$ cat target.cif   # mmCIF, C-alpha atoms
data_query
loop_
_atom_site.label_atom_id
_atom_site.label_comp_id
_atom_site.auth_asym_id
_atom_site.auth_seq_id
_atom_site.Cartn_x
_atom_site.Cartn_y
_atom_site.Cartn_z
CA MET A 14 15.86 -61.13 -42.19
CA PRO A 15 17.46 -57.76 -41.47
CA HIS A 16 20.10 -57.41 -38.77
CA ASP A 17 18.00 -55.94 -36.04
CA GLY A 18 19.87 -57.21 -33.05
CA HIS A 19 18.02 -60.54 -32.68
CA ASP A 20 20.16 -63.49 -31.72
CA PHE A 21 21.59 -65.93 -34.22
CA THR A 22 20.96 -69.16 -32.33
CA ASP A 23 17.70 -70.19 -33.98
CA PRO A 24 17.28 -73.90 -34.82
CA PRO A 25 18.55 -75.11 -38.23
CA SER A 26 16.79 -72.95 -40.75
CA ASP A 27 15.74 -73.68 -44.25
CA LEU A 28 18.79 -71.63 -45.19
CA ALA A 29 21.18 -73.81 -43.19
CA LEU A 30 19.72 -76.90 -44.83
CA ARG A 31 20.00 -75.38 -48.29
CA VAL A 32 23.65 -74.53 -47.74
CA LYS A 33 24.34 -78.03 -46.45
CA ALA A 34 22.70 -79.49 -49.57
CA LEU A 35 24.74 -77.22 -51.84
CA GLU A 36 27.96 -78.19 -50.11
CA SER A 37 27.16 -81.92 -50.44
CA LEU A 38 26.34 -81.46 -54.11
CA LEU A 39 29.60 -79.65 -54.86
CA VAL A 40 31.62 -82.21 -52.90
CA ASP A 41 29.83 -85.13 -54.64
CA LYS A 42 30.62 -83.59 -58.01
CA GLY A 43 34.27 -83.23 -57.02
CA LEU A 44 34.18 -79.44 -57.48
CA VAL A 45 35.29 -78.66 -53.94
CA ASN A 46 37.31 -80.51 -51.37
CA GLN A 47 35.77 -80.51 -47.90
CA ALA A 48 39.17 -80.21 -46.21
CA SER A 49 39.88 -77.09 -48.27
CA LEU A 50 36.71 -75.46 -46.94
CA ASP A 51 37.89 -76.06 -43.39
CA VAL A 52 41.31 -74.55 -44.16
CA ILE A 53 39.66 -71.44 -45.65
CA ILE A 54 37.37 -70.97 -42.65
CA ASP A 55 40.17 -71.54 -40.16
CA THR A 56 42.39 -69.01 -41.94
CA TYR A 57 39.89 -66.20 -41.46
CA GLU A 58 38.62 -67.28 -38.03
CA THR A 59 42.01 -67.65 -36.40
CA ASN A 60 44.95 -66.38 -38.49
CA VAL A 61 43.93 -63.28 -40.39
CA GLY A 62 42.35 -60.59 -38.24
CA PRO A 63 42.63 -57.04 -36.86
CA ARG A 64 45.61 -58.00 -34.70
CA ASN A 65 47.64 -57.81 -37.90
CA GLY A 66 46.55 -54.24 -38.49
CA ALA A 67 47.12 -53.33 -34.85
CA GLN A 68 50.72 -54.41 -35.21
CA VAL A 69 51.09 -52.36 -38.40
CA VAL A 70 49.75 -49.25 -36.65
CA ALA A 71 51.75 -49.77 -33.46
CA ARG A 72 54.87 -50.25 -35.57
CA ALA A 73 54.13 -47.02 -37.43
CA TRP A 74 53.72 -45.20 -34.10
CA THR A 75 57.09 -46.39 -32.83
CA ASP A 76 59.25 -46.67 -35.95
CA ALA A 77 59.62 -43.55 -38.11
CA SER A 78 61.14 -45.34 -41.10
CA PHE A 79 58.36 -47.95 -41.09
CA ARG A 80 55.79 -45.16 -40.87
CA ALA A 81 57.37 -43.43 -43.87
CA LEU A 82 57.22 -46.66 -45.89
CA LEU A 83 53.63 -47.32 -44.76
CA MET A 84 52.49 -43.89 -45.94
CA SER A 85 54.30 -44.13 -49.29
CA ASP A 86 53.82 -47.84 -50.10
CA ALA A 87 51.54 -49.58 -47.62
CA THR A 88 51.46 -52.82 -49.61
CA ARG A 89 55.22 -53.21 -49.26
CA ALA A 90 55.21 -52.05 -45.63
CA VAL A 91 52.69 -54.66 -44.47
CA GLU A 92 54.32 -57.28 -46.66
CA SER A 93 57.49 -56.76 -44.60
CA LEU A 94 55.48 -58.00 -41.60
CA GLY A 95 54.24 -61.01 -43.58
CA TYR A 96 50.70 -59.71 -44.11
CA ILE A 97 50.07 -60.45 -47.74
CA GLY A 98 47.23 -62.07 -49.62
CA ARG A 99 43.70 -61.86 -50.83
CA GLN A 100 41.91 -58.49 -50.47
CA GLY A 101 45.14 -56.72 -49.52
CA GLU A 102 46.95 -56.81 -52.83
CA HIS A 103 46.98 -53.01 -53.19
CA LEU A 104 46.95 -51.25 -49.84
CA ILE A 105 46.89 -47.53 -49.02
CA ALA A 106 47.33 -46.13 -45.50
CA VAL A 107 45.65 -42.85 -44.57
CA GLU A 108 46.60 -41.06 -41.39
CA ASN A 109 44.38 -39.32 -38.84
CA THR A 110 45.74 -36.14 -37.30
CA SER A 111 44.35 -33.42 -35.06
CA ASN A 112 42.65 -31.82 -38.08
CA ILE A 113 42.08 -34.66 -40.56
CA HIS A 114 39.85 -37.67 -39.91
CA ASN A 115 39.64 -40.54 -42.41
CA LEU A 116 36.74 -42.96 -42.71
CA VAL A 117 36.51 -46.03 -44.98
CA VAL A 118 33.40 -47.50 -46.60
CA CYS A 119 32.42 -49.58 -49.61
CA THR A 120 29.07 -48.30 -50.84
CA LEU A 121 28.80 -50.88 -53.65
CA CYS A 122 29.66 -54.06 -51.75
CA SER A 123 31.99 -54.80 -48.84
CA CYS A 124 35.59 -54.10 -49.93
CA TYR A 125 37.84 -54.24 -46.88
CA PRO A 126 41.55 -54.86 -46.26
CA TRP A 127 41.38 -58.54 -45.24
CA THR A 128 45.14 -58.97 -44.82
CA VAL A 129 45.30 -56.45 -42.00
CA LEU A 130 41.74 -56.42 -40.58
CA GLY A 131 40.35 -59.87 -41.39
CA LEU A 132 36.74 -60.15 -42.56
CA PRO A 133 34.53 -57.08 -42.11
CA PRO A 134 32.02 -56.79 -39.23
CA VAL A 135 28.30 -57.01 -40.00
CA TRP A 136 27.71 -53.26 -39.59
CA TYR A 137 30.40 -52.43 -42.19
CA LYS A 138 28.55 -54.57 -44.75
CA SER A 139 25.11 -53.30 -43.72
CA ALA A 140 22.91 -51.05 -45.81
CA PRO A 141 22.70 -48.27 -43.17
CA TYR A 142 26.48 -47.82 -42.97
CA ARG A 143 27.03 -48.14 -46.72
CA SER A 144 24.30 -45.62 -47.54
CA ARG A 145 25.15 -43.00 -44.93
CA ALA A 146 28.95 -43.00 -44.55
CA VAL A 147 29.34 -40.96 -47.75
CA SER A 148 26.39 -38.62 -47.30
CA GLU A 149 26.38 -37.93 -43.55
CA PRO A 150 29.70 -39.11 -42.07
CA ARG A 151 29.45 -36.87 -39.00
CA GLN A 152 26.15 -38.44 -37.92
CA VAL A 153 27.55 -41.91 -38.61
CA LEU A 154 30.59 -41.18 -36.44
CA ARG A 155 28.32 -39.89 -33.69
CA GLU A 156 26.56 -43.28 -33.62
CA PHE A 157 29.93 -44.79 -32.76
CA GLY A 158 30.41 -42.17 -30.04
CA THR A 159 32.94 -40.25 -32.09
CA GLU A 160 32.48 -36.47 -32.01
CA LEU A 161 34.54 -34.31 -34.35
CA GLY A 162 34.89 -30.56 -34.18
CA ASP A 163 33.92 -28.39 -37.15
CA ASN A 164 37.62 -27.60 -37.59
CA VAL A 165 38.32 -31.26 -38.38
CA GLU A 166 38.26 -32.17 -42.06
CA ILE A 167 36.61 -35.50 -42.84
CA ARG A 168 37.91 -37.62 -45.70
CA VAL A 169 35.65 -40.51 -46.66
CA TRP A 170 37.20 -43.24 -48.82
CA ASP A 171 34.70 -45.21 -50.91
CA SER A 172 36.52 -48.45 -51.82
CA THR A 173 35.22 -48.86 -55.35
CA SER A 174 38.37 -50.46 -56.80
CA GLU A 175 40.80 -53.15 -55.64
CA MET A 176 42.71 -50.51 -53.67
CA ARG A 177 42.20 -51.20 -49.96
CA TYR A 178 42.32 -48.50 -47.29
CA LEU A 179 43.73 -48.73 -43.76
CA VAL A 180 43.25 -45.83 -41.35
CA VAL A 181 46.22 -45.10 -39.09
CA PRO A 182 44.60 -43.52 -36.02
CA ALA A 183 46.33 -40.78 -34.06
CA ARG A 184 48.50 -42.14 -31.26
CA PRO A 185 46.77 -41.56 -27.92
CA THR A 186 48.37 -39.13 -25.53
CA GLY A 187 49.93 -40.54 -22.40
CA THR A 188 51.71 -43.35 -24.26
CA ASP A 189 55.20 -41.87 -24.53
CA GLY A 190 57.82 -44.56 -24.35
CA TRP A 191 55.35 -47.42 -24.81
CA THR A 192 56.55 -50.35 -26.86
CA GLU A 193 54.85 -51.80 -29.93
CA GLU A 194 53.46 -54.67 -27.84
CA GLU A 195 52.07 -52.27 -25.24
CA LEU A 196 50.47 -50.08 -27.90
CA MET A 197 48.80 -52.85 -29.90
CA PRO A 198 45.80 -53.30 -27.56
CA LEU A 199 44.99 -49.61 -28.03
CA VAL A 200 44.52 -50.08 -31.78
CA SER A 201 40.94 -51.21 -32.20
CA ARG A 202 39.58 -52.56 -35.45
CA ASN A 203 37.04 -49.73 -35.49
CA ALA A 204 39.84 -47.16 -35.24
CA MET A 205 41.46 -48.68 -38.33
CA ILE A 206 38.19 -48.29 -40.27
CA GLY A 207 37.97 -44.73 -38.96
CA VAL A 208 34.72 -44.86 -36.98
CA GLU A 209 36.48 -44.50 -33.61
CA PHE A 210 39.66 -43.09 -32.12
CA ALA A 211 42.36 -45.38 -30.78
CA ARG A 212 41.64 -46.43 -27.19
CA SER A 213 43.04 -44.21 -24.48
CA PRO A 214 45.59 -45.81 -22.15
CA ASP A 215 43.34 -45.79 -19.08
CA ALA A 216 40.38 -47.33 -20.97
CA SER A 217 42.30 -50.23 -22.46
CA GLY A 218 43.38 -51.94 -19.26
CA ALA A 219 46.79 -52.39 -20.86
CA ALA A 220 49.90 -52.61 -18.78
CA THR A 221 51.51 -49.24 -18.19
CA MET B 8 23.63 -51.19 -63.22
CA ASN B 9 21.41 -49.09 -60.99
CA GLY B 10 20.77 -51.99 -58.60
CA GLY B 11 19.95 -52.47 -54.97
CA HIS B 12 23.64 -52.68 -54.15
CA ASP B 13 24.43 -49.07 -55.11
CA LEU B 14 23.56 -47.67 -51.70
CA GLY B 15 25.48 -44.40 -51.35
CA GLY B 16 23.06 -41.68 -50.22
CA LEU B 17 19.97 -43.87 -49.92
CA HIS B 18 17.62 -42.76 -47.14
CA GLY B 19 15.44 -44.63 -44.68
CA LEU B 20 17.75 -47.54 -43.88
CA GLY B 21 17.94 -46.67 -40.22
CA ASP B 22 20.61 -46.73 -37.53
CA ILE B 23 23.80 -48.71 -37.82
CA ASN B 24 23.51 -50.52 -34.46
CA PRO B 25 27.04 -51.91 -34.47
CA GLU B 26 27.69 -55.03 -32.43
CA PRO B 27 30.41 -54.25 -29.84
CA GLU B 28 33.78 -54.96 -31.42
CA MET B 29 35.04 -57.30 -28.72
CA GLU B 30 31.85 -59.37 -28.80
CA GLU B 31 31.34 -59.83 -32.51
CA PRO B 32 32.34 -63.25 -33.88
CA VAL B 33 33.82 -63.54 -37.37
CA PHE B 34 30.76 -65.54 -38.47
CA HIS B 35 27.31 -65.60 -36.88
CA ALA B 36 26.22 -69.07 -38.00
CA GLU B 37 27.75 -72.26 -39.32
CA TRP B 38 26.04 -71.81 -42.72
CA GLU B 39 27.72 -68.41 -43.13
CA LYS B 40 31.14 -70.07 -42.81
CA ARG B 41 30.21 -72.67 -45.39
CA VAL B 42 28.88 -70.09 -47.89
CA PHE B 43 32.03 -68.02 -47.46
CA ALA B 44 34.33 -71.01 -47.96
CA LEU B 45 32.30 -72.46 -50.86
CA THR B 46 32.49 -69.09 -52.63
CA LEU B 47 36.26 -68.85 -52.26
CA ALA B 48 36.83 -72.53 -53.11
CA THR B 49 34.73 -72.51 -56.29
CA GLY B 50 36.33 -69.20 -57.29
CA MET B 51 39.64 -71.07 -57.39
CA LEU B 52 38.34 -73.11 -60.35
CA GLY B 53 38.97 -70.03 -62.49
CA LYS B 54 35.56 -70.02 -64.18
CA TRP B 55 34.77 -66.46 -63.10
CA ASN B 56 36.50 -63.42 -61.62
CA ILE B 57 35.80 -61.13 -58.67
CA ASP B 58 33.93 -58.68 -60.91
CA SER B 59 31.52 -61.24 -62.39
CA SER B 60 31.11 -62.57 -58.86
CA ARG B 61 30.05 -59.13 -57.53
CA HIS B 62 27.79 -58.68 -60.53
CA ALA B 63 26.06 -62.00 -59.82
CA ARG B 64 25.08 -60.70 -56.35
CA GLU B 65 23.96 -57.26 -57.47
CA ARG B 66 21.76 -58.62 -60.28
CA GLN B 67 19.17 -59.77 -57.76
CA HIS B 68 15.92 -57.86 -57.40
CA PRO B 69 16.79 -54.69 -55.44
CA ALA B 70 14.28 -55.52 -52.70
CA THR B 71 15.79 -59.00 -52.31
CA TYR B 72 19.32 -57.64 -52.20
CA ILE B 73 18.51 -55.11 -49.49
CA ASN B 74 16.42 -57.52 -47.40
CA ASN B 75 18.97 -60.33 -47.51
CA THR B 76 21.67 -60.71 -44.91
CA TYR B 77 25.18 -60.43 -46.30
CA TYR B 78 25.88 -64.13 -46.77
CA GLU B 79 22.43 -64.73 -48.23
CA ASN B 80 23.55 -62.43 -51.04
CA TRP B 81 26.76 -64.41 -51.37
CA LEU B 82 24.73 -67.64 -51.57
CA ALA B 83 22.45 -66.20 -54.25
CA GLY B 84 25.45 -64.99 -56.25
CA LEU B 85 27.20 -68.34 -55.94
CA GLN B 86 24.17 -70.26 -57.19
CA THR B 87 23.88 -67.93 -60.18
CA LEU B 88 27.57 -68.38 -61.04
CA LEU B 89 27.43 -72.17 -60.70
CA ILE B 90 24.48 -72.44 -63.04
CA GLU B 91 25.63 -69.85 -65.60
CA ASN B 92 29.04 -71.46 -65.83
CA GLY B 93 27.58 -74.94 -66.25
CA LEU B 94 29.11 -76.34 -63.07
CA VAL B 95 25.72 -77.43 -61.72
CA SER B 96 22.29 -77.53 -63.31
CA ALA B 97 19.14 -75.95 -61.91
CA GLN B 98 17.81 -79.49 -61.50
CA GLU B 99 20.83 -80.54 -59.43
CA LEU B 100 20.53 -77.41 -57.34
CA SER B 101 16.88 -78.04 -56.49
CA SER B 102 17.23 -81.79 -55.90
CA GLY B 103 20.67 -81.74 -54.24
CA LYS B 104 21.61 -84.77 -56.34
CA ALA B 105 24.48 -84.86 -58.82
CA TYR B 106 23.39 -85.98 -62.29
CA GLY B 107 25.97 -85.12 -64.92
CA SER B 108 29.71 -85.67 -64.62
CA VAL B 109 32.20 -82.80 -64.55
CA ASP B 110 34.86 -82.17 -67.24
CA ALA B 111 38.26 -83.60 -66.36
CA ASP B 112 39.73 -80.18 -67.17
CA ILE B 113 37.70 -78.55 -64.41
CA LEU B 114 38.35 -81.34 -61.92
CA SER B 115 42.08 -80.90 -62.54
CA ARG B 116 41.76 -77.32 -61.28
CA VAL B 117 40.41 -78.29 -57.85
CA PRO B 118 43.28 -77.41 -55.51
CA ASP B 119 44.67 -79.80 -52.96
CA PRO B 120 43.84 -78.62 -49.40
CA ARG B 121 47.56 -78.20 -48.77
CA GLN B 122 47.74 -75.58 -51.54
CA ILE B 123 45.01 -73.38 -50.02
CA PRO B 124 47.18 -71.26 -47.68
CA ALA B 125 49.53 -70.39 -50.55
CA ILE B 126 46.61 -69.52 -52.85
CA LEU B 127 45.11 -67.21 -50.21
CA LYS B 128 48.50 -65.56 -49.62
CA LYS B 129 49.02 -65.02 -53.33
CA GLY B 130 45.69 -63.21 -53.75
CA GLY B 131 44.77 -61.74 -57.11
CA PRO B 132 46.48 -58.42 -57.81
CA SER B 133 44.49 -56.26 -60.24
CA ALA B 134 47.45 -54.20 -61.55
CA ARG B 135 48.21 -54.71 -65.23
CA GLN B 136 50.86 -53.59 -67.71
CA PRO B 137 49.81 -50.13 -69.00
CA GLU B 138 48.77 -49.99 -72.63
CA SER B 139 48.73 -46.19 -72.81
CA GLU B 140 49.65 -43.03 -70.93
CA PRO B 141 47.19 -41.75 -68.30
CA ALA B 142 45.01 -38.95 -69.66
CA PHE B 143 44.68 -37.05 -66.38
CA GLY B 144 47.34 -35.73 -64.03
CA VAL B 145 47.00 -35.18 -60.30
CA GLY B 146 45.18 -31.91 -59.57
CA VAL B 147 43.21 -31.93 -62.82
CA PRO B 148 39.44 -31.29 -62.57
CA VAL B 149 37.31 -34.05 -64.11
CA ARG B 150 33.65 -34.92 -64.42
CA VAL B 151 32.18 -38.39 -64.01
CA CYS B 152 30.33 -39.36 -67.18
CA ASN B 153 26.58 -39.39 -66.67
CA ARG B 154 26.12 -42.92 -67.92
CA HIS B 155 23.82 -45.60 -66.51
CA PRO B 156 24.98 -48.91 -67.96
CA GLU B 157 22.75 -51.95 -67.44
CA GLY B 158 25.82 -54.09 -66.80
CA HIS B 159 28.34 -54.02 -63.97
CA THR B 160 29.93 -50.69 -63.10
CA ARG B 161 32.05 -49.46 -60.21
CA ALA B 162 31.10 -45.82 -60.70
CA PRO B 163 28.57 -45.23 -57.90
CA ARG B 164 25.39 -43.46 -58.96
CA TYR B 165 26.00 -40.61 -56.52
CA THR B 166 29.14 -39.59 -58.46
CA ARG B 167 27.67 -39.54 -61.97
CA GLY B 168 27.68 -36.17 -63.65
CA ARG B 169 29.58 -34.71 -60.69
CA GLU B 170 32.79 -32.72 -60.79
CA GLY B 171 35.85 -33.65 -58.80
CA VAL B 172 39.60 -33.35 -58.85
CA VAL B 173 42.14 -36.11 -59.51
CA ALA B 174 43.79 -36.66 -56.11
CA ALA B 175 46.04 -39.61 -56.97
CA TYR B 176 46.93 -41.98 -59.78
CA HIS B 177 46.83 -45.67 -58.84
CA GLY B 178 48.27 -47.16 -62.04
CA TYR B 179 46.77 -49.43 -64.66
CA HIS B 180 44.26 -51.95 -63.32
CA VAL B 181 41.63 -54.44 -64.40
CA PHE B 182 38.53 -52.47 -65.45
CA PRO B 183 35.63 -54.20 -63.67
CA ASP B 184 32.91 -52.72 -65.91
CA ARG B 185 34.39 -54.77 -68.76
CA ALA B 186 35.96 -57.64 -66.82
CA ALA B 187 32.60 -58.66 -65.32
CA HIS B 188 31.34 -59.44 -68.82
CA GLY B 189 34.34 -60.70 -70.79
CA PRO B 190 37.89 -60.00 -71.88
CA ASP B 191 39.40 -56.82 -70.51
CA GLY B 192 42.65 -55.04 -71.17
CA GLY B 193 42.54 -52.84 -68.07
CA ALA B 194 42.38 -49.05 -67.68
CA HIS B 195 44.04 -46.24 -65.76
CA LEU B 196 42.73 -45.91 -62.21
CA TYR B 197 42.49 -42.66 -60.26
CA SER B 198 41.40 -41.47 -56.86
CA VAL B 199 38.95 -38.62 -57.49
CA ARG B 200 38.13 -36.17 -54.72
CA PHE B 201 34.66 -34.63 -54.46
CA THR B 202 33.59 -32.06 -51.90
CA SER B 203 30.70 -33.10 -49.73
CA ASP B 204 28.79 -30.05 -50.96
CA GLN B 205 29.43 -30.98 -54.61
CA LEU B 206 27.86 -34.43 -54.13
CA TRP B 207 25.11 -33.69 -51.64
CA GLY B 208 24.48 -29.95 -51.94
CA ASN B 209 24.49 -29.78 -48.19
CA GLY B 210 26.64 -26.71 -47.60
CA ARG B 211 28.77 -28.80 -45.23
CA PRO B 212 32.19 -27.50 -44.29
CA GLU B 213 33.89 -27.12 -47.62
CA THR B 214 36.77 -29.24 -46.45
CA ASP B 215 34.77 -32.46 -45.98
CA SER B 216 35.36 -34.65 -48.99
CA ILE B 217 34.69 -38.05 -50.48
CA PHE B 218 37.40 -39.91 -52.39
CA VAL B 219 36.21 -42.43 -54.97
CA ASP B 220 38.39 -44.71 -57.10
CA LEU B 221 37.33 -44.31 -60.72
CA TRP B 222 38.76 -45.58 -63.98
CA GLU B 223 39.59 -43.44 -66.98
CA PRO B 224 36.54 -44.58 -69.02
CA HIS B 225 34.33 -43.23 -66.19
CA LEU B 226 35.80 -39.74 -66.50
CA GLU B 227 35.68 -36.87 -68.93
CA ALA B 228 37.90 -33.84 -69.13
CA MET B 229 36.36 -30.46 -68.40
CA ALA B 230 36.72 -27.62 -70.84
CA LEU B 231 38.86 -24.73 -69.57
CA TRP B 232 35.85 -22.41 -69.23
CA GLN B 233 34.11 -24.93 -66.98
CA ARG B 234 36.93 -25.14 -64.44
#
$ encode --input "target.cif" --output "structure tokens"
Amino acid sequence: MPHDGHDFTDPPSDLALRVKALESLLVDKGLVNQASLDVIIDTYETNVGPRNGAQVVARAWTDASFRALLMSDATRAVESLGYIGRQGEHLIAVENTSNIHNLVVCTLCSCYPWTVLGLPPVWYKSAPYRSRAVSEPRQVLREFGTELGDNVEIRVWDSTSEMRYLVVPARPTGTDGWTEEELMPLVSRNAMIGVEFARSPDASGAAT
Amino acid sequence: MNGGHDLGGLHGLGDINPEPEMEEPVFHAEWEKRVFALTLATGMLGKWNIDSSRHARERQHPATYINNTYYENWLAGLQTLLIENGLVSAQELSSGKAYGSVDADILSRVPDPRQIPAILKKGGPSARQPESEPAFGVGVPVRVCNRHPEGHTRAPRYTRGREGVVAAYHGYHVFPDRAAHGPDGGAHLYSVRFTSDQLWGNGRPETDSIFVDLWEPHLEAMALWQR
């Protein structure tokens, strides 16, 4: 069942029933606690998500000493905002500029900085992105509507280890004097993976 | 292993077709949530590590791995781990009924739901106490060993035999190629930079590059005349 854009609202599938049976079995055997499963799901559905990363980036845009810490020791920098935990134990921030563009992928599985971005989107985990991001990053970026000039150097980061990569997009022009809270809505999840630029002020609908 | 998971550079997989960011839910079905949570919860029993867990998914038939959705691969990996570690039997898995009882030692490891947030916050850092000095300094040219192990490896196939330059040193970390299969003392971890042309022979702008995290056992020094 490849992801080909069909909807996900089909009636209970064989798969859904199999998962239900597995869960009952593990609960019956005492190997998992049902309440724990709900806590885990709730954590990643509501608490841990790209808003965390947006705050990190907006802070870096507005606070030079935080930015310096983020670029030298991202793990410690995000820890200072309380964003610590699983799949963010060793974090590295890479910065986009007018002539360097960073892009993150995990060709072998789905490594992704959960603490700052939450769980990865389907496309990030998909075979097309994983196969092509390293071999034809410019075409991949074009599919996201991101055009880069030939003078821009692309740096692709293949997350093969437990190091996790966060892209700090370039701050959009026209945002001088904006506060961290005003800037956060401009920092899309996709910009922090490196497939898009940060939103421009007029496109975001944010207060000016 | 040269499995269906090692996708870098594979052709014919089509367009990416990303779902719009603002519309994409964290999970696309209830069963996905349950597979995700079951995987994390059983991982807390300490019977396997993240490397053996990845290896359990990638050991599937390559065609199955590529055709599966993401959480179908997680489900397959979880079932393999449960059986191989003796937590459930194949018979229990197929019938859905619990037969044997579970060791008290394992049951004592099942966390209380109130402990879960702290466990998730703590994570599982992979950094270890170094047992040696790193062999390569930043800026040193290296070559990825042209080895094709049948077991787990984090050296992608597209890097093997290729020349790059050490761009950063990350410290001493768990070495997944060993840790997926048994005891592991760790190894030095580097970020190695390859030019796009070096990997793909595409004559792309020389400045485009791919950074891959590789461990010292993946790398070999290059003789002076080769640099």
$ residues_around --input "target.cif" --residues "stretch 183-187 of chain B" --least-positions-apart "2" --cutoff "10 Å" --atoms "all atoms listed in the file" --output "PyMOL selection string"
(chain A and resi 173-175) or (chain B and resi 8+55-63+133+156+158-162+180-181+189-194+222+224-225)
$ write_last_selection --input "target.cif" --atoms "C-alpha atoms" --output "PDB file, in the frame of the given file"
ATOM      1  CA  THR A 173      35.220 -48.860 -55.350  1.00  0.00           C
ATOM      2  CA  SER A 174      38.370 -50.460 -56.800  1.00  0.00           C
ATOM      3  CA  GLU A 175      40.800 -53.150 -55.640  1.00  0.00           C
TER       4      GLU A 175
ATOM      5  CA  MET B   8      23.630 -51.190 -63.220  1.00  0.00           C
ATOM      6  CA  TRP B  55      34.770 -66.460 -63.100  1.00  0.00           C
ATOM      7  CA  ASN B  56      36.500 -63.420 -61.620  1.00  0.00           C
ATOM      8  CA  ILE B  57      35.800 -61.130 -58.670  1.00  0.00           C
ATOM      9  CA  ASP B  58      33.930 -58.680 -60.910  1.00  0.00           C
ATOM     10  CA  SER B  59      31.520 -61.240 -62.390  1.00  0.00           C
ATOM     11  CA  SER B  60      31.110 -62.570 -58.860  1.00  0.00           C
ATOM     12  CA  ARG B  61      30.050 -59.130 -57.530  1.00  0.00           C
ATOM     13  CA  HIS B  62      27.790 -58.680 -60.530  1.00  0.00           C
ATOM     14  CA  ALA B  63      26.060 -62.000 -59.820  1.00  0.00           C
ATOM     15  CA  SER B 133      44.490 -56.260 -60.240  1.00  0.00           C
ATOM     16  CA  PRO B 156      24.980 -48.910 -67.960  1.00  0.00           C
ATOM     17  CA  GLY B 158      25.820 -54.090 -66.800  1.00  0.00           C
ATOM     18  CA  HIS B 159      28.340 -54.020 -63.970  1.00  0.00           C
ATOM     19  CA  THR B 160      29.930 -50.690 -63.100  1.00  0.00           C
ATOM     20  CA  ARG B 161      32.050 -49.460 -60.210  1.00  0.00           C
ATOM     21  CA  ALA B 162      31.100 -45.820 -60.700  1.00  0.00           C
ATOM     22  CA  HIS B 180      44.260 -51.950 -63.320  1.00  0.00           C
ATOM     23  CA  VAL B 181      41.630 -54.440 -64.400  1.00  0.00           C
ATOM     24  CA  GLY B 189      34.340 -60.700 -70.790  1.00  0.00           C
ATOM     25  CA  PRO B 190      37.890 -60.000 -71.880  1.00  0.00           C
ATOM     26  CA  ASP B 191      39.400 -56.820 -70.510  1.00  0.00           C
ATOM     27  CA  GLY B 192      42.650 -55.040 -71.170  1.00  0.00           C
ATOM     28  CA  GLY B 193      42.540 -52.840 -68.070  1.00  0.00           C
ATOM     29  CA  ALA B 194      42.380 -49.050 -67.680  1.00  0.00           C
ATOM     30  CA  TRP B 222      38.760 -45.580 -63.980  1.00  0.00           C
ATOM     31  CA  PRO B 224      36.540 -44.580 -69.020  1.00  0.00           C
ATOM     32  CA  HIS B 225      34.330 -43.230 -66.190  1.00  0.00           C
TER      33      HIS B 225
END
$ residues_around --input "target.cif" --residues "A:Val135" --least-positions-apart "4" --cutoff "8 Å" --atoms "all atoms listed in the file" --output "PyMOL selection string"
(chain A and resi 139) or (chain B and resi 25-26+77)
$ closest_residue --input "target.cif" --among "A:Arg177, A:Arg202, A:Arg184, A:Arg64" --to "A:His103" --atoms "only C-alpha atoms"
A:Arg177
$ resolve_selection --input "target.cif" --expression "the PyMOL selection byres ((chain A) within 7 of (chain B))" --output "number ranges by chain"
A: 14-15, 21, 29, 32, 34-35, 38, 41-45, 48-50, 53-54, 58, 97-100, 102, 120-122, 132, 136, 138, 140-145, 147-148, 166-175
$ axis_aligned_box --input "target.cif" --around "stretch 206-215 of chain A" --padding-each-side "3 Å" --output "lines of an AutoDock Vina configuration file"
center_x = 40.2
center_y = -45.7
center_z = -29.7
size_x = 16.9
size_y = 11.2
size_z = 27.2
$ closest_residue --input "target.cif" --among "A:Ser26, A:Thr59, A:Asn65, A:Asn109" --to "A:Ser201" --atoms "all atoms listed in the file"
A:Asn65
$ closest_residue --input "target.cif" --among "B:Asn9, B:Asn153, B:Gln67, B:Gln205" --to "B:Val172" --atoms "all atoms listed in the file"
B:Gln205
$ closest_residue --input "target.cif" --among "B:Gly84, B:His195, B:Val173, B:Gly93" --to "B:Ser139" --atoms "all atoms listed in the file"
B:His195
$ atom_distance --input "target.cif" --atom1 "atom CA of A:Pro126" --atom2 "atom CA of A:Glu156"
22.8 Å
$ resolve_selection --input "target.cif" --expression "the PyMOL selection byres ((chain B and resi 227) around 6)" --output "PDB file with C-alpha atoms, in the coordinates of the input"
ATOM      1  CA  VAL B 149      37.310 -34.050 -64.110  1.00  0.00           C
ATOM      2  CA  ARG B 150      33.650 -34.920 -64.420  1.00  0.00           C
ATOM      3  CA  LEU B 226      35.800 -39.740 -66.500  1.00  0.00           C
ATOM      4  CA  ALA B 228      37.900 -33.840 -69.130  1.00  0.00           C
TER       5      ALA B 228
END
$ resolve_selection --input "target.cif" --expression "the PyMOL selection byres ((chain A and resi 89) around 12)" --output "PyMOL selection string"
chain A and resi 69+79-88+90-98+101-106
$ atom_distance --input "target.cif" --atom1 "atom CA of A:Val153" --atom2 "atom CA of A:Asn203"
12.7 Å
$ residues_around --input "target.cif" --residues "A:Gly66" --least-positions-apart "3" --cutoff "8 Å" --atoms "all atoms listed in the file" --output "list in words"
Gly62, Pro63, Val69, Val70, Val129, Leu130, Arg202 and Met205 of chain A
$ atom_distance --input "target.cif" --atom1 "atom CA of B:Arg154" --atom2 "atom CA of B:His68"
20.9 Å
$ closest_residue --input "target.cif" --among "B:Arg135, B:Met229, B:Asp112, B:Pro141" --to "B:Arg169" --atoms "all atoms listed in the file"
B:Met229
